[in-house]
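Just below is one structure, and these are the notes that go with it.
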Amino acid sequence: MRFLSAHGAAGSPRASLVGAPYDATATFRRGSRFGPDAIRRASESIETYSPRLDRDLDALAFADLGNLDLEGLDPAAMVSAIQRGTPTGLPFLLGGEHTVTLGAVRAIASRHPGVTVVQWDAHTDLRDEYEGARVSHATVMRRLLDDGRALVQLGIRAGTRDEFDVARRHSLHCAPEVALPPALLDTLRGRPLYLTVDIDVLDPGDAPGTGNPEPDGASYAELLASLRSLAGHRVVGMDLVEVAPALDPSGRTPIVAAALVREMLLLYGT
């Protein structure tokens, strides 16, 4: 059943999906610009009902606003376009490369001062520049730190020595595990949170269709448990990025991503 193109229950939607098809800064394997539409297509294969949560998207008022027009934009212009195009309410961006998060968080921060970014990712994304560029998928979290955002990093298992030094000094938390410690959950309670999930936080055996896969990643169940631990917290925006469907001939990765989108909508979109 295709649910990501539907509007769910009647009423004014709190959650709005929007695609951000962009991968111009990808340096190893491109293809994440096709992620938003692949996730929508994959949603045809899964149900609207989540037995884990005992909730159904049919009871949730949400909207799919289609894709932003990012064709041919340089990274700075793309970030500005996403900042302008991020909807109100509870926006949920479908990437696209991880750079799209920068524009969305900047939009959210103008509406929710003091927003904290919770990142599930294999990579730190904390380089100051990468191949001469200061705005790219490898620098996005560094730019958010520059903007004054608080940052929690989960599932991190790849980065340079300098990036891990930056994380130790400036992130609220940076760990290879995806679980949030109880003390951190208490710290985050009441804060506005932006959740960003890079699909490569998962083990490549679960989600091979991504540009920079890293071994020894989280399982789907572990990631879902981590996301569920923030139920009851103040989530004000979300994204899921770096799905590159052409890199997974099995079609598994977009299906996993669609299931994650369903669970995140049901957790935070009510």
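Chain labels follow the order of the structure tokens: the first chain is A, the next B, and so on; residue numbering restarts at 1 in every chain, and ligands are counted from 1 in their shown order.
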
Tell me, counting only C-alpha atoms, for each residue of region 45-111 of chain A within 10 Å of region 116-124 of chain A, which pair of atoms is nearest and how far apart they are in Å to one decimal, in rows ordered by chain and increasing number, as a Markdown table.
```
| residue | atom | partner | partner_atom | distance |
| --- | --- | --- | --- | --- |
| A:His98 | CA | A:Asp121 | CA | 9.8 |
| A:Thr101 | CA | A:Val117 | CA | 9.8 |
| A:Val105 | CA | A:Val117 | CA | 8.0 |
| A:Ala109 | CA | A:Thr116 | CA | 9.1 |
```

Inset, instruction - Please report, as a VMD selection string, each residue of region 126-227 of chain A to which DSSP assigns strand (DSSP E or B) when run on this structure's backbone. - result: chain A and resid 130 133 150 to 154 158 173 to 175 192 to 198 202 218

Inset, instruction - Please identify all polymer residues within 7 Å of Met238 (chain A), counting only C-alpha atoms, omitting same-chain residues fewer than 4 positions from it, and present them as a list of chain:residue names. - result: A:Pro91, A:Phe92, A:Leu93, A:Tyr194, A:Leu195, A:Thr196

Only N, CA and C atoms, please: the residues just picked out, written as an mmCIF file, in the first residue's frame.
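Written output follows (selection-v8.cif):
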```
data_model
loop_
_atom_site.group_PDB
_atom_site.id
_atom_site.type_symbol
_atom_site.label_atom_id
_atom_site.label_comp_id
_atom_site.auth_asym_id
_atom_site.auth_seq_id
_atom_site.Cartn_x
_atom_site.Cartn_y
_atom_site.Cartn_z
ATOM 1 N N PRO A 91 8.138 19.217 9.774
ATOM 2 C CA PRO A 91 8.676 18.834 8.471
ATOM 3 C C PRO A 91 9.480 17.548 8.553
ATOM 4 N N PHE A 92 9.391 16.757 7.489
ATOM 5 C CA PHE A 92 10.158 15.511 7.377
ATOM 6 C C PHE A 92 10.749 15.486 5.975
ATOM 7 N N LEU A 93 12.065 15.721 5.870
ATOM 8 C CA LEU A 93 12.748 15.716 4.585
ATOM 9 C C LEU A 93 13.196 14.316 4.225
ATOM 10 N N TYR A 194 15.740 18.128 16.513
ATOM 11 C CA TYR A 194 15.692 17.786 15.090
ATOM 12 C C TYR A 194 16.392 16.445 14.939
ATOM 13 N N LEU A 195 15.698 15.458 14.381
ATOM 14 C CA LEU A 195 16.238 14.108 14.226
ATOM 15 C C LEU A 195 16.686 13.907 12.786
ATOM 16 N N THR A 196 17.944 13.505 12.597
ATOM 17 C CA THR A 196 18.455 13.235 11.259
ATOM 18 C C THR A 196 19.052 11.837 11.213
#
```

Inset, instruction - Within region 8-239 of chain A, find each residue whose DSSP state, derived from the backbone, is alpha helix (DSSP H), and express the selection as a PyMOL selection string. - result: chain A and resi 35-42+75-85+100-111+140-146+161-170+182-188+220-228

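Near region 145-149 of chain A, within a cut-off of 9 Å and counting only C-alpha atoms, sit the residues Val105, Arg106, Ala109, Gly114, Val115, Thr116, Val117, Leu126, Val140, Met141, Arg142, Arg143, Leu151, His170 and Ser171 of chain A, with same-chain residues fewer than 2 positions away left out.
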
Based on the selection just made, write N, CA and C atoms of those residues as an mmCIF file, in the first residue's frame.
```
data_model
loop_
_atom_site.group_PDB
_atom_site.id
_atom_site.type_symbol
_atom_site.label_atom_id
_atom_site.label_comp_id
_atom_site.auth_asym_id
_atom_site.auth_seq_id
_atom_site.Cartn_x
_atom_site.Cartn_y
_atom_site.Cartn_z
ATOM 1 N N VAL A 105 17.609 22.440 9.187
ATOM 2 C CA VAL A 105 17.845 22.843 10.575
ATOM 3 C C VAL A 105 17.861 24.360 10.696
ATOM 4 N N ARG A 106 18.414 25.038 9.710
ATOM 5 C CA ARG A 106 18.398 26.500 9.770
ATOM 6 C C ARG A 106 16.971 27.045 9.735
ATOM 7 N N ALA A 109 15.511 26.270 13.209
ATOM 8 C CA ALA A 109 16.087 27.094 14.271
ATOM 9 C C ALA A 109 15.456 28.479 14.323
ATOM 10 N N GLY A 114 17.215 27.322 19.948
ATOM 11 C CA GLY A 114 17.809 26.350 20.857
ATOM 12 C C GLY A 114 17.627 24.913 20.424
ATOM 13 N N VAL A 115 17.260 24.682 19.146
ATOM 14 C CA VAL A 115 17.054 23.314 18.684
ATOM 15 C C VAL A 115 18.344 22.502 18.794
ATOM 16 N N THR A 116 18.222 21.277 19.253
ATOM 17 C CA THR A 116 19.332 20.325 19.332
ATOM 18 C C THR A 116 19.191 19.318 18.202
ATOM 19 N N VAL A 117 20.294 19.003 17.539
ATOM 20 C CA VAL A 117 20.301 18.043 16.437
ATOM 21 C C VAL A 117 20.741 16.682 16.965
ATOM 22 N N LEU A 126 32.143 16.019 10.359
ATOM 23 C CA LEU A 126 32.639 17.183 11.089
ATOM 24 C C LEU A 126 33.896 17.796 10.474
ATOM 25 N N VAL A 140 28.650 18.828 7.046
ATOM 26 C CA VAL A 140 27.350 19.379 7.445
ATOM 27 C C VAL A 140 27.230 19.562 8.949
ATOM 28 N N MET A 141 27.720 18.625 9.752
ATOM 29 C CA MET A 141 27.594 18.764 11.198
ATOM 30 C C MET A 141 28.545 19.829 11.745
ATOM 31 N N ARG A 142 29.680 20.022 11.072
ATOM 32 C CA ARG A 142 30.588 21.102 11.472
ATOM 33 C C ARG A 142 29.927 22.462 11.256
ATOM 34 N N ARG A 143 29.213 22.604 10.136
ATOM 35 C CA ARG A 143 28.517 23.864 9.879
ATOM 36 C C ARG A 143 27.409 24.090 10.911
ATOM 37 N N LEU A 151 24.674 19.235 19.483
ATOM 38 C CA LEU A 151 24.732 18.063 18.604
ATOM 39 C C LEU A 151 24.926 16.787 19.416
ATOM 40 N N HIS A 170 33.077 19.194 21.408
ATOM 41 C CA HIS A 170 31.920 20.053 21.134
ATOM 42 C C HIS A 170 30.573 19.332 21.093
ATOM 43 N N SER A 171 30.532 18.040 20.829
ATOM 44 C CA SER A 171 29.247 17.336 20.797
ATOM 45 C C SER A 171 28.791 17.026 22.219
#
```

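CA of Gly269 (chain A) is found 11.2 Å from CA of Arg55 (chain A).
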
Legend entry - One-decimal distance in Å that lies between CA of Leu267 (chain A) and CA of Pro192 (chain A): 15.3 Å

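Of the residues under consideration (A:Leu53, A:Leu68, A:Ala246, A:Ala183), A:Leu53 shows the shortest atom-to-atom contact distance to Leu224 (chain A) when counting only C-alpha atoms.
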
So that I can see what lies close to Tyr130 (chain A), please list as a short mmCIF file (atom, residue, chain, number, x, y, z; two decimals) with C-alpha atoms, in the first residue's frame the residues with an atom at most 12 Å from it, counting only C-alpha atoms and leaving out residues fewer than 4 positions away in the same chain.
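As written to disk, around.cif reads:
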```
data_model
loop_
_atom_site.label_atom_id
_atom_site.label_comp_id
_atom_site.auth_asym_id
_atom_site.auth_seq_id
_atom_site.Cartn_x
_atom_site.Cartn_y
_atom_site.Cartn_z
CA THR A 25 28.70 16.99 -3.29
CA ALA A 26 28.82 13.18 -3.14
CA THR A 27 32.40 12.07 -3.74
CA ASP A 125 30.50 14.72 9.14
CA LEU A 126 32.64 17.18 11.09
CA ARG A 134 32.97 24.05 3.24
CA VAL A 135 29.39 23.00 2.47
CA SER A 136 29.16 19.29 1.70
CA HIS A 137 27.94 15.97 3.05
CA ALA A 138 31.26 15.61 4.94
CA THR A 139 31.04 19.03 6.64
CA VAL A 140 27.35 19.38 7.45
CA ARG A 142 30.59 21.10 11.47
CA THR A 160 39.28 11.51 10.80
CA GLU A 163 36.83 15.06 13.49
#
```

Legend entry - region 76-90 of chain A environment, 10 Å, only C-alpha atoms, sequence neighbours closer than 4 positions dropped, as a PyMOL selection string: chain A and resi 13-20+22+24+62+65+67-72+99-108+110-111+134-136+194+235-238+265+268-270

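Residues surrounding Tyr220 (chain A) within 9 Å are A:Leu202, A:Asp203, A:Asp206, A:Ala225, A:Val256, A:Leu260 [only C-alpha atoms; sequence separation below 5 positions excluded].
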
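Closest approach to Gly211 (chain A) from the set A:Ile156, A:Leu247, A:Ile255, A:Val178 is made by A:Leu247, with distances taken over only C-alpha atoms.
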
Legend entry - Pick from A:Pro36, A:Pro204, A:Pro181, A:Pro176, whichever lies nearest to Ala158 (chain A) using only C-alpha atoms: A:Pro176

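Take the candidates A:Leu57, A:His173, A:Gly95, A:Glu129 and check each one against Thr187 (chain A) using only C-alpha atoms; the shortest distance goes to A:His173.
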
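From CA of Val241 (chain A) back to CA of Gly96 (chain A), the distance works out to 5.5 Å.
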
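Minimum atom-to-atom distances from A:Ala258, A:Leu240, A:Leu144, A:Leu230 to Ser32 (chain A) were compared using only C-alpha atoms, and the lowest value belongs to A:Leu240.
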